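Participant: The structure that follows is given in the form of structure tokens.
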Amino acid sequence: MENIIQVGMAELKIATAPNKLLTAGLGSCIGICVCSPAHQFGVLAHIMLPSSTQSKRAHNKAKFADTAVDLIMEEMIKKGANVSKIYAKIAGGAQMFKFVGESSIMNIGQRNALAVEEHLKRIGIKIVATDTGGNFGRTIVFDPKTGDLKIRTIGHGERTI
Amino acid sequence: MKDYTELSCLQLDALREIGNIGAGNAATALAQMVQAKIDMSVPEVNILPFDDVPKLVGGADVPVCGLYFAVSGSITGSILFMLPIERANLLVDMVLGRNNGETAAGISGDLEASVIMEVGNIISGTYLNALSCFTQLRLLTSVPALATDMAGAILNGVLAQVGGVVDDVLVLKTMFTREDRDIVGHFFMMPDSESLSTILQALGVNC
């Protein structure tokens, strides 16, 4: 029996095949999907912000790119994954509004994407596919069995990376 | 005020009253614009974890037309006006005097986008004006930013702005309906947590 596990904003969840992980409506947020192919085991984190260090309230590790990546690694090690074999796919980081004055809301998506890439590199998780940027939302489904990341959009097509 | 959860019943009632006054004026402005009777729901005051906010409009992947305004002046915060896409089309029909269903292709053209942004301008401007008269606070809005996409995606960036400081958000939600049946849209006013004590003080319930 296959279940689809929903991952909300600023949440991190784990699934083992045949279960899948879904996060709906990614805008400037990023879905970080990490898969251990040998175990057919995957983690999906839905991060909102690039860094916990500028935050006054950083106890939710799944909310920030830096702490979420560390948390993913912890989960992978806990499950006995061979860390040299695990890989990541990322999606999101859009800029939804064309113009929002002077506010930092402007490039939050891009800053998220850069931070996620930087921290995955720091910790040594290889990124094999990305689908970031643009000005549209994404709903993603991650299958730990195949490592496929299916991306749905409104008016910008469907693809699997 | 550190946390929304510390708000008393009296303070929540005062915030609901803000919503009432602001939305009441906005509903009148909207009614004049579309020359139809516009009703509004009793404003809800919600303190929600981020993930629950998209549920207020039916889920994170529901397609909506969203207008964002940054609020500045004596307080800071965000205003979001979200409408289901087919409602946004109907609103354009009403304002431009087109037949129902004529604006079918979505908010794609410049004219349609301008109409929606202008409606948003009037609603948020009226809302803040009423609020300003009531509280004597100086309140300004930015120009509107428009996006037509998944509700969750539109909320992401707006919530990310406050995400560094809080895990919950205070949402004053009002639903506008036309002649008791059609939902026109959801209006969200989200004051930043640092502005909360300023608002409560202006309302005389800061204790």
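Following the order of the structure tokens, first chain is A, next is B, and so on, with residues numbered from 1 inside each chain and ligands from 1 in the order they appear.
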Excluding same-chain residues fewer than 5 positions from Glu158 in chain A, what lies within 10 Å of it counting only C-alpha atoms, as a list of chain:residue names?

Facilitator: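 So the residues in contact are A:Arg138, A:Thr139, A:Ile140, A:Lys150, A:Ile151, A:Arg152, A:Thr153.
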
Participant: With a distance threshold of 9 Å and counting only C-alpha atoms, extract the residues of chain A near chain B and express them as a ChimeraX atom specification.

Facilitator: /A:8-11,23-29,48-49,51-52,54-58,60,63-64,94-101,103-106,108-109,135-139,153-155

Participant: DSSP on the backbone, strand (DSSP E or B) only: what residues of chain A does that give? Format it as a ChimeraX atom specification.

Facilitator: /A:4-6,12-16,20-26,30-36,41-47,49,64,87-92,126-132,138-142,149-152,158-160

Participant: Mind writing the picked residues with C-alpha atoms as a PDB file, in the first residue's frame?

Facilitator:
ATOM      1  CA  ILE A   4       1.698   9.981  -0.074  1.00  0.00           C
ATOM      2  CA  ILE A   5       3.101  11.876   2.871  1.00  0.00           C
ATOM      3  CA  GLN A   6       2.393  15.620   2.908  1.00  0.00           C
ATOM      4  CA  LEU A  12      10.831  17.884   7.186  1.00  0.00           C
ATOM      5  CA  LYS A  13       9.536  14.362   6.626  1.00  0.00           C
ATOM      6  CA  ILE A  14      10.943  10.949   5.875  1.00  0.00           C
ATOM      7  CA  ALA A  15       9.586   8.149   3.708  1.00  0.00           C
ATOM      8  CA  THR A  16      10.598   4.666   2.665  1.00  0.00           C
ATOM      9  CA  LYS A  20       6.178   9.094  -1.534  1.00  0.00           C
ATOM     10  CA  LEU A  21       6.682  12.610  -0.242  1.00  0.00           C
ATOM     11  CA  LEU A  22       4.660  15.591  -1.480  1.00  0.00           C
ATOM     12  CA  THR A  23       4.886  19.283  -0.852  1.00  0.00           C
ATOM     13  CA  ALA A  24       2.331  21.622  -2.421  1.00  0.00           C
ATOM     14  CA  GLY A  25       2.672  25.220  -3.513  1.00  0.00           C
ATOM     15  CA  LEU A  26       6.389  25.936  -3.353  1.00  0.00           C
ATOM     16  CA  ILE A  30      12.643  25.242  -1.647  1.00  0.00           C
ATOM     17  CA  GLY A  31      11.965  21.539  -1.462  1.00  0.00           C
ATOM     18  CA  ILE A  32      15.214  19.712  -0.705  1.00  0.00           C
ATOM     19  CA  CYS A  33      14.864  16.025  -1.578  1.00  0.00           C
ATOM     20  CA  VAL A  34      17.611  13.638  -0.548  1.00  0.00           C
ATOM     21  CA  CYS A  35      17.592   9.979  -1.500  1.00  0.00           C
ATOM     22  CA  SER A  36      19.559   6.957  -0.375  1.00  0.00           C
ATOM     23  CA  PHE A  41      14.684   5.919   1.614  1.00  0.00           C
ATOM     24  CA  GLY A  42      14.169   9.663   1.200  1.00  0.00           C
ATOM     25  CA  VAL A  43      13.872  12.930   3.085  1.00  0.00           C
ATOM     26  CA  LEU A  44      12.011  16.047   1.938  1.00  0.00           C
ATOM     27  CA  ALA A  45      12.553  19.373   3.691  1.00  0.00           C
ATOM     28  CA  HIS A  46      10.466  22.446   2.791  1.00  0.00           C
ATOM     29  CA  ILE A  47      12.687  25.376   3.774  1.00  0.00           C
ATOM     30  CA  LEU A  49      14.713  31.030   4.576  1.00  0.00           C
ATOM     31  CA  PHE A  64      16.269  27.284   7.254  1.00  0.00           C
ATOM     32  CA  TYR A  87      22.184  12.557  -3.629  1.00  0.00           C
ATOM     33  CA  ALA A  88      19.907  15.594  -3.670  1.00  0.00           C
ATOM     34  CA  LYS A  89      17.374  17.142  -6.014  1.00  0.00           C
ATOM     35  CA  ILE A  90      15.990  20.590  -5.361  1.00  0.00           C
ATOM     36  CA  ALA A  91      13.024  22.604  -6.652  1.00  0.00           C
ATOM     37  CA  GLY A  92      11.422  25.973  -5.888  1.00  0.00           C
ATOM     38  CA  LYS A 126      25.837  15.818  -4.433  1.00  0.00           C
ATOM     39  CA  ILE A 127      23.085  17.747  -6.267  1.00  0.00           C
ATOM     40  CA  VAL A 128      22.059  15.757  -9.335  1.00  0.00           C
ATOM     41  CA  ALA A 129      19.130  17.867 -10.535  1.00  0.00           C
ATOM     42  CA  THR A 130      17.600  21.272  -9.890  1.00  0.00           C
ATOM     43  CA  ASP A 131      14.515  23.124 -11.004  1.00  0.00           C
ATOM     44  CA  THR A 132      14.696  26.544  -9.401  1.00  0.00           C
ATOM     45  CA  ARG A 138       5.577  24.260  -7.952  1.00  0.00           C
ATOM     46  CA  THR A 139       3.986  21.200  -6.372  1.00  0.00           C
ATOM     47  CA  ILE A 140       6.490  18.374  -6.090  1.00  0.00           C
ATOM     48  CA  VAL A 141       6.278  14.614  -5.486  1.00  0.00           C
ATOM     49  CA  PHE A 142       9.419  12.732  -4.544  1.00  0.00           C
ATOM     50  CA  LEU A 149      11.135  14.176  -8.518  1.00  0.00           C
ATOM     51  CA  LYS A 150       7.909  15.058 -10.298  1.00  0.00           C
ATOM     52  CA  ILE A 151       7.139  18.767 -10.643  1.00  0.00           C
ATOM     53  CA  ARG A 152       3.698  20.182 -11.402  1.00  0.00           C
ATOM     54  CA  GLU A 158       5.006  19.178 -15.864  1.00  0.00           C
ATOM     55  CA  ARG A 159       8.353  17.489 -15.685  1.00  0.00           C
ATOM     56  CA  THR A 160      10.310  14.837 -13.859  1.00  0.00           C
TER      57      THR A 160
END

Participant: Rounded to one decimal place, report the CA of Leu111 in chain B-CA of Thr177 in chain B distance in Å.

Facilitator: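 It comes out at 23.7 Å.
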
Participant: Need the shell around Phe188 in chain B: protein/DNA/RNA residues with any atom at most 12 Å away, counting only C-alpha atoms. Skip same-chain ones fewer than 3 positions apart. Format as a VMD selection string?

Facilitator: chain B and resid 19 22 to 23 43 to 46 53 to 54 56 to 57 66 to 70 77 to 83 120 123 to 124 127 155 158 to 159 169 to 176 185 191

Participant: Restricting the output to C-alpha atoms, write the selected residues as a compact mmCIF listing (two decimals), in the first residue's frame.

Facilitator:
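Output (result.txt):
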# COMPACT_ATOMS: atom_id res chain seq x y z
CA GLY B 19 -10.95 43.96 10.94
CA GLY B 22 -11.48 48.15 7.87
CA ALA B 23 -13.35 45.48 5.98
CA PRO B 43 -13.77 38.96 10.55
CA GLU B 44 -11.80 36.08 11.98
CA VAL B 45 -8.72 36.57 14.08
CA ASN B 46 -6.44 33.62 13.61
CA VAL B 53 -2.35 29.72 6.42
CA PRO B 54 -2.90 28.29 2.88
CA LEU B 56 -7.75 29.38 4.84
CA VAL B 57 -8.17 29.66 1.07
CA GLY B 66 -3.05 37.19 -5.23
CA LEU B 67 -2.31 40.84 -4.54
CA TYR B 68 0.34 41.81 -2.08
CA PHE B 69 0.81 45.18 -0.37
CA ALA B 70 3.54 46.07 2.11
CA GLY B 77 2.94 44.31 8.03
CA SER B 78 1.49 42.72 4.94
CA ILE B 79 -1.84 42.78 3.21
CA LEU B 80 -2.82 39.97 0.89
CA PHE B 81 -6.00 39.87 -1.12
CA MET B 82 -6.58 36.46 -2.67
CA LEU B 83 -9.33 35.47 -5.08
CA GLY B 120 -6.88 45.76 -4.72
CA ILE B 123 -9.81 47.77 -1.03
CA SER B 124 -6.51 47.93 0.84
CA TYR B 127 -9.18 49.31 4.81
CA LEU B 155 2.05 32.97 0.55
CA VAL B 158 5.15 36.91 2.23
CA LEU B 159 5.48 34.57 5.20
CA VAL B 169 1.33 34.61 12.08
CA LEU B 170 -1.61 36.77 13.10
CA VAL B 171 -4.15 36.82 10.32
CA LEU B 172 -7.23 39.00 10.21
CA LYS B 173 -9.33 37.34 7.57
CA THR B 174 -12.49 38.66 5.95
CA MET B 175 -14.43 37.05 3.15
CA PHE B 176 -16.27 39.25 0.67
CA GLY B 185 -12.07 36.97 -2.17
CA PRO B 191 0.75 42.89 11.16

Participant: Just want the 12 Å neighbourhood of Leu196 in chain B, counted on only C-alpha atoms, with same-chain residues fewer than 2 positions away dropped. Output as JSON, numbers by chain.

Facilitator: {"B": [1, 2, 3, 4, 6, 7, 11, 12, 14, 15, 74, 75, 76, 77, 169, 170, 171, 190, 191, 192, 193, 194, 198, 199, 200, 201, 202, 203, 205, 206]}

Participant: From the options B:Ala27, B:Leu96, B:Ser8, B:Ala130, which residue's atoms come nearest to Ser114 in chain B, counting only C-alpha atoms?

Facilitator: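 Closest to Ser114 in chain B of all the choices is B:Leu96.
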
Participant: One number please: CA of Asn99 in chain B to CA of His186 in chain B, in Å, one decimal.

Facilitator: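 Between these atoms lies a distance of 23.8 Å.
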